[in-house]
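Engineer: Dropping in work-v9.csv, which is CSV, C-alpha atoms:
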```csv
chain,number,residue,atom,x,y,z
A,1,MET,CA,-12.6,50.5,2.6
A,2,SER,CA,-15.8,50.4,4.5
A,3,ASN,CA,-16.0,49.7,8.2
A,4,ILE,CA,-18.0,46.4,8.2
A,5,ARG,CA,-18.8,44.7,11.5
A,6,ALA,CA,-20.2,41.3,12.1
A,7,SER,CA,-21.3,39.3,15.1
A,8,VAL,CA,-22.1,35.7,15.9
A,9,VAL,CA,-24.7,34.7,18.5
A,10,VAL,CA,-24.6,31.1,19.8
A,11,ASP,CA,-27.7,29.8,21.4
A,12,LYS,CA,-27.7,26.1,22.3
A,13,ASP,CA,-31.6,26.1,22.3
A,14,PHE,CA,-31.9,27.4,18.7
A,15,ALA,CA,-31.0,25.1,15.8
A,16,ILE,CA,-31.3,25.7,12.1
A,17,GLY,CA,-30.5,22.2,11.1
A,18,ALA,CA,-28.4,19.1,11.9
A,19,VAL,CA,-24.6,19.3,11.8
A,20,ASP,CA,-23.2,16.6,9.5
A,21,PRO,CA,-21.1,14.3,11.7
A,22,ARG,CA,-18.4,14.0,9.0
A,23,LEU,CA,-17.4,17.5,10.1
A,24,PHE,CA,-15.9,15.9,13.1
A,25,GLY,CA,-13.8,13.4,11.1
A,26,GLY,CA,-10.0,13.4,10.6
A,27,PHE,CA,-7.3,12.4,8.2
A,28,ILE,CA,-4.1,10.5,8.3
A,29,GLU,CA,-1.1,11.4,6.2
A,30,HIS,CA,2.4,10.1,5.5
A,31,LEU,CA,4.0,13.0,7.3
A,32,GLY,CA,6.6,12.6,10.0
A,33,ARG,CA,5.5,9.9,12.4
A,34,HIS,CA,1.8,10.0,11.7
A,35,ILE,CA,1.7,6.6,9.8
A,36,TYR,CA,5.1,4.9,10.2
A,37,THR,CA,5.9,4.6,14.0
A,38,GLY,CA,2.5,6.2,14.7
A,39,ILE,CA,-0.5,4.1,13.8
A,40,TYR,CA,1.5,1.5,12.0
A,41,GLU,CA,4.7,0.0,13.5
A,42,PRO,CA,5.2,-3.7,13.0
A,43,GLY,CA,7.4,-5.2,15.6
A,44,HIS,CA,6.4,-2.7,18.3
A,45,PRO,CA,5.4,-4.4,21.6
A,46,ARG,CA,1.9,-2.9,21.3
A,47,ALA,CA,1.4,-3.7,17.6
A,48,ASP,CA,-1.1,-6.4,16.5
A,49,GLU,CA,-0.6,-9.0,13.8
A,50,HIS,CA,-1.3,-6.3,11.1
A,51,GLY,CA,1.3,-3.9,12.6
A,52,PHE,CA,-1.3,-1.5,14.0
A,53,ARG,CA,-0.4,0.1,17.3
A,54,GLY,CA,-3.1,-0.9,19.8
A,55,ASP,CA,-2.3,2.0,22.1
A,56,VAL,CA,-2.6,4.6,19.4
A,57,LEU,CA,-5.8,2.9,18.1
A,58,ALA,CA,-7.3,3.1,21.6
A,59,LEU,CA,-6.6,6.8,21.8
A,60,VAL,CA,-8.1,7.4,18.3
A,61,CYS,CA,-11.2,5.5,19.3
A,62,GLU,CA,-11.6,7.8,22.3
A,63,LEU,CA,-12.0,10.7,20.0
A,64,GLY,CA,-15.1,9.2,18.5
A,65,MET,CA,-14.5,10.3,14.9
A,66,PRO,CA,-17.1,9.1,12.5
A,67,VAL,CA,-14.9,9.2,9.4
A,68,MET,CA,-11.2,9.2,8.5
A,69,ARG,CA,-9.9,10.4,5.2
A,70,TYR,CA,-6.9,8.8,3.5
A,71,PRO,CA,-4.5,9.8,2.2
A,72,GLY,CA,-4.8,13.2,3.8
A,73,GLY,CA,-2.9,16.4,3.3
A,74,ASN,CA,-0.3,17.1,0.7
A,75,PHE,CA,0.6,13.4,0.3
A,76,VAL,CA,-2.6,12.7,-1.8
A,77,SER,CA,-1.4,15.0,-4.6
A,78,GLY,CA,1.2,12.4,-5.6
A,79,TYR,CA,-0.3,9.1,-4.3
A,80,HIS,CA,-1.2,6.2,-6.6
A,81,TRP,CA,-3.7,4.1,-4.7
A,82,GLU,CA,-2.6,1.0,-6.7
A,83,ASP,CA,0.8,1.2,-4.9
A,84,GLY,CA,-0.9,0.5,-1.6
A,85,VAL,CA,-2.8,-2.7,-2.5
A,86,GLY,CA,-1.7,-6.3,-2.8
A,87,PRO,CA,1.3,-8.1,-1.2
A,88,ARG,CA,3.6,-5.6,0.5
A,89,ALA,CA,6.7,-7.3,-0.9
A,90,GLN,CA,5.5,-6.4,-4.4
A,91,ARG,CA,4.6,-2.8,-3.8
A,92,PRO,CA,6.9,-0.2,-5.3
A,93,VAL,CA,9.1,2.2,-3.3
A,94,ARG,CA,8.6,5.7,-4.6
A,95,LEU,CA,9.8,9.2,-3.9
A,96,ASP,CA,7.0,11.1,-2.0
A,97,LEU,CA,6.8,14.3,-4.0
A,98,ALA,CA,5.0,16.2,-1.1
A,99,TRP,CA,7.7,15.6,1.5
A,100,ASN,CA,10.7,14.5,-0.6
A,101,VAL,CA,11.2,11.3,1.3
A,102,THR,CA,11.1,7.6,0.3
A,103,GLU,CA,7.7,6.1,0.6
A,104,PRO,CA,7.9,2.3,1.0
A,105,ASN,CA,4.1,1.8,0.6
A,106,GLN,CA,3.9,-0.7,3.5
A,107,PHE,CA,0.9,1.2,4.8
A,108,GLY,CA,-1.5,1.8,1.9
A,109,THR,CA,-5.0,1.5,0.7
A,110,ASN,CA,-5.5,-2.1,2.0
A,111,GLU,CA,-4.1,-1.2,5.5
A,112,PHE,CA,-6.1,1.9,5.7
A,113,ILE,CA,-9.4,0.1,5.2
A,114,ALA,CA,-8.4,-2.6,7.7
A,115,TRP,CA,-7.4,0.0,10.3
A,116,CYS,CA,-10.7,1.9,9.9
A,117,ARG,CA,-12.6,-1.4,10.4
A,118,LYS,CA,-10.6,-2.0,13.6
A,119,ALA,CA,-11.3,1.6,14.8
A,120,GLY,CA,-14.9,1.5,13.9
A,121,ILE,CA,-14.5,4.6,11.7
A,122,ALA,CA,-15.9,5.0,8.2
A,123,PRO,CA,-13.2,5.3,5.6
A,124,MET,CA,-13.1,8.2,3.1
A,125,LEU,CA,-10.7,7.8,0.2
A,126,ALA,CA,-9.3,11.0,-1.2
A,127,VAL,CA,-8.6,11.4,-4.9
A,128,ASN,CA,-5.2,12.4,-6.4
A,129,LEU,CA,-5.9,15.4,-8.5
A,130,GLY,CA,-2.3,16.7,-8.3
A,131,THR,CA,-0.4,14.3,-10.6
A,132,ARG,CA,-3.3,12.3,-12.0
A,133,GLY,CA,-6.1,14.7,-12.7
A,134,ALA,CA,-9.9,14.4,-13.0
A,135,ALA,CA,-9.9,12.5,-16.4
A,136,GLU,CA,-7.8,9.7,-15.0
A,137,THR,CA,-9.9,9.5,-11.8
A,138,THR,CA,-13.1,9.4,-13.9
A,139,ARG,CA,-11.6,6.5,-16.0
A,140,GLN,CA,-10.7,4.6,-12.8
A,141,ARG,CA,-14.2,5.1,-11.3
A,142,ALA,CA,-15.7,3.9,-14.6
A,143,THR,CA,-13.7,0.6,-14.5
A,144,GLU,CA,-14.3,-0.1,-10.8
A,145,GLY,CA,-16.1,-3.5,-10.5
A,146,LYS,CA,-14.7,-4.6,-13.9
A,147,THR,CA,-11.2,-5.2,-12.5
A,148,LYS,CA,-10.6,-7.8,-9.8
A,149,ARG,CA,-9.1,-6.2,-6.7
A,150,PRO,CA,-7.0,-8.0,-4.1
A,151,SER,CA,-9.0,-8.9,-1.1
```
Is it possible to express this structure as structure tokens?

Structural biologist:
Amino acid sequence: MSNIRASVVVDKDFAIGAVDPRLFGGFIEHLGRHIYTGIYEPGHPRADEHGFRGDVLALVCELGMPVMRYPGGNFVSGYHWEDGVGPRAQRPVRLDLAWNVTEPNQFGTNEFIAWCRKAGIAPMLAVNLGTRGAAETTRQRATEGKTKRPS
């Protein structure tokens, strides 16, 4: 094995190009208290009419993140976005394959978009390539706009 050395020089006055602000984004995932009892907790004294925690929202806004990805982390590998749209009472309860817990789908795609709007953060939707695959994702994208979505 060769003895390779590298060094990095940082000079605030020398720029090669602009840094994409999306680099400073974040993600939210259905892990632990991140969603439920985190950003979403209906009935909490600081929750609004949508169940979004105002205190948590204020702290997230202080971070100044330009974009938020959902669903983030391992959860996306088994998530079906259709489970998170429409009336909450009609959404399926499923086993979350990533964390082996029950997912009630009370915070889903619809709530994520609404939360991002309140936070002033651009939403970025992740694609499930774990249990769905690229072919199914391509079919979904091809039919967008042809199917009426809940508002």

Engineer: Between A:Glu41, A:Asp20, A:Asp96, A:Glu111, which is the closest to Gly84 in chain A once you count only C-alpha atoms?

Structural biologist: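 When distances to Gly84 in chain A are compared using only C-alpha atoms, the smallest one comes from A:Glu111.
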
Engineer: Report as a list in words all protein, DNA and RNA residues lying within 10 Å of range 114-117 of chain A, evaluated on only C-alpha atoms, omitting residues in the same chain fewer than 6 positions from it.

Structural biologist: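 My list of contacting residues is Ile39, Tyr40, His50, Gly51, Phe52, Arg53, Leu57, Pro66, Val67, Met68, Arg69, Pro123 and Met124 of chain A.
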
Engineer: Which polymer residues, protein or nucleic acid, are no farther than 12 Å from (3.4, -4.0, -1.7), counting only C-alpha atoms, as a list in words?

Structural biologist: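 The residues near that point, listed by chain and number, are Trp81, Glu82, Asp83, Gly84, Val85, Gly86, Pro87, Arg88, Ala89, Gln90, Arg91, Pro92, Val93, Arg94, Glu103, Pro104, Asn105, Gln106, Phe107, Gly108, Thr109, Asn110, Glu111 and Pro150 of chain A.
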
Engineer: Find the residue from A:Pro71, A:Gly78, A:Gly130, A:Gly64 that sits nearest to Ile35 in chain A; use all atoms listed in the file when measuring.

Structural biologist: A:Pro71

Engineer: Interatomic distance between CA of Met65 in chain A and CA of Gly26 in chain A?

Structural biologist: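 Here the two named atoms are 7.0 Å from each other.
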
Engineer: Could you check the closest approach to Gly73 in chain A for each of A:Ala47, A:Val10, A:Ile121, A:Ile28 and tell me which residue wins, using all atoms listed in the file?

Structural biologist: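 For Gly73 in chain A, the nearest of the candidates is A:Ile28.
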
Engineer: Could you list, as a compact mmCIF listing (two decimals) with C-alpha atoms, keeping the file's coordinate frame, every residue within 9 Å of Ala98 in chain A, counting all atoms listed in the file and ignoring same-chain residues fewer than 4 positions away?

Structural biologist:
```
# COMPACT_ATOMS: atom_id res chain seq x y z
CA ASN A 74 -0.30 17.10 0.70
CA PHE A 75 0.60 13.40 0.30
CA VAL A 76 -2.60 12.70 -1.80
CA SER A 77 -1.40 15.00 -4.60
CA GLY A 78 1.20 12.40 -5.60
```

Engineer: Between CA of Leu129 in chain A and CA of Tyr79 in chain A, measure the distance and give it in Å to one decimal.

Structural biologist: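 Computing it gives 9.4 Å between the two atoms.
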
Engineer: If you measure from CA of Tyr70 in chain A to CA of Pro42 in chain A, what distance in Å do you get, rounded to one decimal?

Structural biologist: 19.8 Å
